[in-house]
>>> print(open('query-v5.cif').read())   # mmCIF, C-alpha atoms
data_query
#
loop_
_atom_site.label_atom_id
_atom_site.label_comp_id
_atom_site.auth_asym_id
_atom_site.auth_seq_id
_atom_site.Cartn_x
_atom_site.Cartn_y
_atom_site.Cartn_z
CA MET A 1385 88.23 -174.81 -62.84
CA GLU A 1386 84.49 -174.27 -63.03
CA ILE A 1387 84.04 -175.69 -59.53
CA LEU A 1388 86.67 -173.30 -58.16
CA ALA A 1389 84.85 -170.36 -59.75
CA THR A 1390 81.63 -171.29 -57.97
CA LEU A 1391 83.30 -171.97 -54.61
CA TRP A 1392 85.37 -168.79 -54.30
CA PRO A 1393 82.62 -166.81 -52.47
CA LEU A 1394 82.43 -169.59 -49.89
CA LEU A 1395 86.22 -169.68 -49.50
CA VAL A 1396 86.42 -165.89 -49.13
CA GLY A 1397 83.61 -165.97 -46.55
CA LEU A 1398 85.37 -168.69 -44.56
CA LEU A 1399 88.63 -166.74 -44.61
CA LEU A 1400 86.87 -163.59 -43.39
CA LEU A 1401 85.16 -165.55 -40.62
CA ALA A 1402 88.47 -167.10 -39.56
CA GLY A 1403 90.06 -163.63 -39.51
CA LEU A 1404 87.25 -162.26 -37.36
CA VAL A 1405 87.50 -165.12 -34.87
CA HIS A 1406 91.27 -164.67 -34.68
CA ALA A 1407 90.89 -160.92 -34.15
CA ILE A 1408 88.44 -161.43 -31.29
CA PHE A 1409 90.15 -164.25 -29.42
CA VAL A 1410 93.83 -163.51 -30.14
CA GLY A 1411 94.13 -159.93 -31.35
CA MET A 1412 91.93 -158.16 -28.78
CA THR A 1413 93.82 -156.64 -25.85
CA PHE A 1414 92.97 -154.16 -23.11
CA ALA A 1415 95.24 -151.35 -21.94
CA VAL A 1416 95.07 -148.62 -19.31
CA ASP A 1417 96.88 -145.34 -19.77
CA ASP A 1418 96.71 -142.06 -17.83
CA ARG A 1419 93.26 -141.05 -19.08
CA HIS A 1420 91.61 -144.01 -20.87
CA ILE A 1421 90.94 -147.71 -20.92
CA ARG A 1422 91.55 -148.85 -24.48
CA VAL A 1423 90.22 -151.88 -26.33
CA ARG A 1424 92.70 -152.74 -29.06
CA PHE A 1425 92.81 -155.08 -32.01
CA TYR A 1426 96.36 -155.89 -33.09
CA GLY A 1427 97.53 -152.64 -31.48
CA TRP A 1428 94.90 -150.37 -33.05
CA THR A 1429 92.47 -148.71 -30.67
CA ALA A 1430 88.90 -149.74 -31.46
CA ARG A 1431 87.20 -148.28 -28.36
CA ARG A 1432 88.24 -146.16 -25.42
CA VAL A 1433 86.55 -145.18 -22.18
CA ALA A 1434 87.71 -142.22 -20.12
CA LEU A 1435 88.79 -143.05 -16.58
CA ALA A 1436 87.08 -139.86 -15.38
CA ASP A 1437 83.76 -141.20 -16.74
CA LEU A 1438 83.90 -144.39 -14.65
CA ALA A 1439 81.71 -144.54 -11.56
CA TYR A 1440 83.19 -147.88 -10.48
CA ALA A 1441 84.63 -151.19 -11.64
CA ALA A 1442 83.45 -154.57 -10.32
CA ARG A 1443 84.42 -158.17 -10.78
CA ASP A 1444 81.51 -159.84 -8.99
CA TRP A 1445 78.17 -158.58 -10.29
CA PRO A 1446 74.78 -160.13 -11.07
CA ILE A 1447 74.46 -162.00 -14.35
CA ALA A 1448 71.27 -160.01 -15.02
CA LYS A 1449 73.50 -157.03 -15.78
CA MET A 1450 74.89 -158.87 -18.82
CA LEU A 1451 71.86 -158.17 -20.99
CA LEU A 1452 71.98 -154.53 -22.08
CA ASN A 1453 75.65 -153.63 -22.07
CA GLU A 1454 78.48 -152.75 -24.33
CA HIS A 1455 80.39 -156.02 -24.63
CA TRP A 1456 84.09 -156.09 -25.50
CA THR A 1457 84.85 -159.56 -24.26
CA ASN A 1458 86.90 -162.41 -25.66
CA ALA A 1459 86.33 -165.03 -22.96
CA PHE A 1460 83.63 -167.57 -22.26
CA ALA A 1461 84.40 -167.71 -18.53
CA SER A 1462 82.38 -165.17 -16.56
CA SER A 1463 85.14 -165.09 -13.92
CA ARG A 1464 87.33 -163.10 -16.35
CA ILE A 1465 84.71 -160.46 -17.14
CA ILE A 1466 84.96 -157.05 -15.46
CA LEU A 1467 82.07 -154.60 -15.32
CA LEU A 1468 82.98 -150.95 -15.79
CA ARG A 1469 80.05 -148.70 -14.81
CA ARG A 1470 80.13 -145.40 -16.67
CA ARG A 1471 78.45 -142.17 -15.57
CA THR A 1472 77.28 -141.19 -19.08
CA GLY A 1473 76.23 -142.89 -22.28
CA LEU A 1474 73.35 -144.93 -23.64
CA PHE A 1475 74.78 -148.22 -22.36
CA ARG A 1476 76.39 -147.45 -19.02
CA ASN A 1477 77.72 -150.93 -18.34
CA PHE A 1478 80.90 -151.68 -20.26
CA LEU A 1479 82.13 -155.29 -20.09
CA ILE A 1480 85.72 -156.31 -20.78
CA SER A 1481 87.70 -159.49 -20.21
CA PRO A 1482 91.40 -158.88 -19.56
CA PRO A 1483 93.64 -161.95 -19.19
CA ASP A 1484 94.38 -161.17 -15.51
CA PRO A 1485 91.33 -159.43 -13.98
CA ALA A 1486 92.89 -159.00 -10.52
CA ALA A 1487 95.95 -157.20 -11.90
CA PHE A 1488 93.76 -155.09 -14.18
CA LEU A 1489 91.55 -154.01 -11.27
CA GLU A 1490 94.62 -153.19 -9.20
CA GLU A 1491 95.91 -151.02 -12.02
CA LEU A 1492 92.56 -149.24 -12.17
CA ARG A 1493 92.70 -148.71 -8.40
CA THR A 1494 96.11 -147.04 -8.72
CA ARG A 1495 94.59 -144.73 -11.36
CA GLY A 1496 91.84 -143.64 -8.94
CA VAL A 1497 88.89 -145.77 -10.08
CA VAL A 1498 86.60 -147.06 -7.29
CA ILE A 1499 86.58 -150.87 -7.12
CA GLN A 1500 83.44 -152.55 -5.78
CA SER A 1501 83.69 -155.94 -4.12
#
>>> encode(input="query-v5.cif", output="structure tokens")
Amino acid sequence: MEILATLWPLLVGLLLLAGLVHAIFVGMTFAVDDRHIRVRFYGWTARRVALADLAYAARDWPIAKMLLNEHWTNAFASSRIILLRRRTGLFRNFLISPPDPAAFLEELRTRGVVIQS
């Protein structure tokens, strides 16, 4: 019992870490509505970007632009990452990684966002 009392902080920390990893890789989704792009965790909106604030969206962009950005990605593959360039804000590049980038960009195009090739 004494060993369990000394190990409980480690066990709680491991459970919190496992929950965080699950939230990032499984629970994070991206949605587009009439006015915003929303980053959600298990259905709750964590971040939103107004469509009217977007200058353009791009799928192929230089890796050098990955340094000072707002990252909301859950993928290791750079082919899934989409760059959303905002007109305002401290960090104007907003990176997301939807499961199907081509379909996501097409949905943005139908909402009036400029897509760069």
>>> closest_residue(input="query-v5.cif", among="A:Ile1465, A:Tyr1426, A:Leu1479, A:Thr1472", to="Leu1452 of chain A", atoms="only C-alpha atoms")
A:Leu1479
>>> closest_residue(input="query-v5.cif", among="A:Leu1438, A:Ser1481, A:Gly1473, A:Ser1463", to="Ile1499 of chain A", atoms="only C-alpha atoms")
A:Leu1438
>>> resolve_selection(input="query-v5.cif", expression="the PyMOL selection byres ((chain A and resi 1482) around 9)", output="PyMOL selection string")
chain A and resi 1413-1415+1457-1459+1464-1466+1480-1481+1483-1485+1488
>>> closest_residue(input="query-v5.cif", among="A:Ala1407, A:Val1416, A:Ala1389, A:Ala1402", to="Ala1487 of chain A", atoms="only C-alpha atoms")
A:Val1416
>>> closest_residue(input="query-v5.cif", among="A:Leu1388, A:Ala1436, A:Leu1400, A:Val1405", to="Arg1495 of chain A", atoms="all atoms listed in the file")
A:Ala1436
>>> closest_residue(input="query-v5.cif", among="A:Val1410, A:Leu1401, A:Leu1451, A:Val1497", to="Gly1427 of chain A", atoms="all atoms listed in the file")
A:Val1410
>>> closest_residue(input="query-v5.cif", among="A:Pro1446, A:Glu1491, A:Leu1467, A:Phe1478", to="Arg1431 of chain A", atoms="all atoms listed in the file")
A:Phe1478
>>> residues_around(input="query-v5.cif", residues="Arg1432 of chain A", least_positions_apart="6", cutoff="8 Å", atoms="only C-alpha atoms", output="PDB file with C-alpha atoms, in the coordinates of the input")
ATOM      1  CA  HIS A1420      91.610-144.010 -20.870  1.00  0.00           C
ATOM      2  CA  ILE A1421      90.940-147.710 -20.920  1.00  0.00           C
ATOM      3  CA  ARG A1422      91.550-148.850 -24.480  1.00  0.00           C
ATOM      4  CA  VAL A1423      90.220-151.880 -26.330  1.00  0.00           C
TER       5      VAL A1423
END
>>> atom_distance(input="query-v5.cif", atom1="atom CA of Met1412 of chain A", atom2="atom CA of Val1498 of chain A")
24.8 Å
>>> resolve_selection(input="query-v5.cif", expression="the PyMOL selection byres ((chain A and resi 1440) around 10)", output="PyMOL selection string")
chain A and resi 1435+1437-1439+1441-1442+1467-1471+1492-1493+1496-1500
>>> atom_distance(input="query-v5.cif", atom1="atom CA of His1406 of chain A", atom2="atom CA of Trp1392 of chain A")
20.9 Å
>>> decode(input="query-v5.cif", residues="chain A", atoms="C-alpha atoms", output="compact mmCIF listing (two decimals), in the first residue's frame")
# COMPACT_ATOMS: atom_id res chain seq x y z
CA MET A 1385 0.00 0.00 0.00
CA GLU A 1386 2.90 2.32 0.70
CA ILE A 1387 4.25 1.81 -2.83
CA LEU A 1388 0.86 2.71 -4.31
CA ALA A 1389 0.80 5.92 -2.27
CA THR A 1390 4.14 6.98 -3.70
CA LEU A 1391 3.29 6.02 -7.28
CA TRP A 1392 -0.10 7.73 -7.59
CA PRO A 1393 1.35 11.06 -8.89
CA LEU A 1394 3.11 9.13 -11.64
CA LEU A 1395 -0.06 7.20 -12.52
CA VAL A 1396 -2.16 10.38 -12.59
CA GLY A 1397 0.45 12.08 -14.79
CA LEU A 1398 0.48 9.15 -17.21
CA LEU A 1399 -3.31 9.16 -17.40
CA LEU A 1400 -3.35 12.90 -18.13
CA LEU A 1401 -0.70 12.47 -20.81
CA ALA A 1402 -2.66 9.61 -22.40
CA GLY A 1403 -5.80 11.78 -22.36
CA LEU A 1404 -3.97 14.66 -24.02
CA VAL A 1405 -2.54 12.43 -26.76
CA HIS A 1406 -5.99 10.94 -27.38
CA ALA A 1407 -7.56 14.41 -27.54
CA ILE A 1408 -5.02 15.60 -30.10
CA PHE A 1409 -4.90 12.57 -32.40
CA VAL A 1410 -8.47 11.26 -32.09
CA GLY A 1411 -10.66 14.00 -30.64
CA MET A 1412 -9.52 16.97 -32.75
CA THR A 1413 -11.72 17.71 -35.76
CA PHE A 1414 -12.10 20.62 -38.16
CA ALA A 1415 -15.41 22.04 -39.36
CA VAL A 1416 -16.49 24.81 -41.72
CA ASP A 1417 -19.77 26.64 -41.22
CA ASP A 1418 -21.18 29.78 -42.84
CA ARG A 1419 -18.83 32.21 -41.09
CA HIS A 1420 -16.02 30.27 -39.36
CA ILE A 1421 -13.54 27.45 -39.53
CA ARG A 1422 -13.71 25.69 -36.18
CA VAL A 1423 -11.14 23.52 -34.44
CA ARG A 1424 -12.99 21.17 -32.12
CA PHE A 1425 -12.06 18.71 -29.41
CA TYR A 1426 -14.76 16.09 -28.86
CA GLY A 1427 -17.32 18.49 -30.33
CA TRP A 1428 -16.35 21.54 -28.25
CA THR A 1429 -14.98 24.50 -30.17
CA ALA A 1430 -11.44 25.31 -29.02
CA ARG A 1431 -10.53 27.83 -31.75
CA ARG A 1432 -12.32 29.52 -34.62
CA VAL A 1433 -11.17 31.65 -37.52
CA ALA A 1434 -13.55 33.87 -39.45
CA LEU A 1435 -13.82 33.09 -43.16
CA ALA A 1436 -13.92 36.84 -43.87
CA ASP A 1437 -10.48 37.19 -42.22
CA LEU A 1438 -8.83 34.68 -44.57
CA ALA A 1439 -6.67 36.07 -47.36
CA TYR A 1440 -6.15 32.63 -48.90
CA ALA A 1441 -5.75 28.91 -48.20
CA ALA A 1442 -2.92 26.81 -49.64
CA ARG A 1443 -1.92 23.19 -49.61
CA ASP A 1444 1.54 23.46 -51.15
CA TRP A 1445 3.66 26.04 -49.34
CA PRO A 1446 7.31 26.33 -48.28
CA ILE A 1447 8.33 24.45 -45.15
CA ALA A 1448 9.99 27.66 -43.92
CA LYS A 1449 6.50 28.98 -43.20
CA MET A 1450 6.06 26.29 -40.52
CA LEU A 1451 8.15 28.13 -37.94
CA LEU A 1452 6.10 31.02 -36.57
CA ASN A 1453 2.50 29.94 -36.97
CA GLU A 1454 -0.52 28.96 -35.01
CA HIS A 1455 -0.49 25.16 -35.24
CA TRP A 1456 -3.67 23.13 -34.84
CA THR A 1457 -2.45 19.95 -36.45
CA ASN A 1458 -2.83 16.30 -35.57
CA ALA A 1459 -0.82 14.72 -38.38
CA PHE A 1460 2.85 14.00 -38.94
CA ALA A 1461 2.50 14.00 -42.74
CA SER A 1462 3.05 17.45 -44.22
CA SER A 1463 0.82 16.49 -47.17
CA ARG A 1464 -2.23 16.75 -44.88
CA ILE A 1465 -1.40 20.22 -43.54
CA ILE A 1466 -3.26 23.23 -44.95
CA LEU A 1467 -2.05 26.79 -44.53
CA LEU A 1468 -4.73 29.39 -43.87
CA ARG A 1469 -3.33 32.91 -44.29
CA ARG A 1470 -5.21 35.44 -42.18
CA ARG A 1471 -5.37 39.19 -42.79
CA THR A 1472 -5.11 40.13 -39.09
CA GLY A 1473 -3.54 38.78 -35.94
CA LEU A 1474 -0.11 38.31 -34.41
CA PHE A 1475 0.44 34.96 -36.12
CA ARG A 1476 -1.11 35.25 -39.56
CA ASN A 1477 -0.42 31.71 -40.69
CA PHE A 1478 -2.87 29.20 -39.26
CA LEU A 1479 -2.05 25.53 -39.87
CA ILE A 1480 -4.64 22.76 -39.73
CA SER A 1481 -4.66 19.12 -40.80
CA PRO A 1482 -8.10 17.87 -41.86
CA PRO A 1483 -8.41 14.17 -42.77
CA ASP A 1484 -9.20 14.96 -46.43
CA PRO A 1485 -7.39 18.19 -47.41
CA ALA A 1486 -8.72 18.25 -50.99
CA ALA A 1487 -12.35 18.06 -49.87
CA PHE A 1488 -11.71 20.64 -47.16
CA LEU A 1489 -10.19 23.07 -49.67
CA GLU A 1490 -13.10 22.51 -52.04
CA GLU A 1491 -15.51 23.33 -49.23
CA LEU A 1492 -13.56 26.51 -48.51
CA ARG A 1493 -13.71 27.41 -52.21
CA THR A 1494 -17.51 27.07 -52.18
CA ARG A 1495 -17.58 29.45 -49.20
CA GLY A 1496 -15.62 32.09 -51.15
CA VAL A 1497 -12.08 31.61 -49.83
CA VAL A 1498 -9.28 32.04 -52.40
CA ILE A 1499 -7.29 28.82 -52.89
CA GLN A 1500 -3.66 29.15 -53.96
CA SER A 1501 -2.02 26.36 -55.92
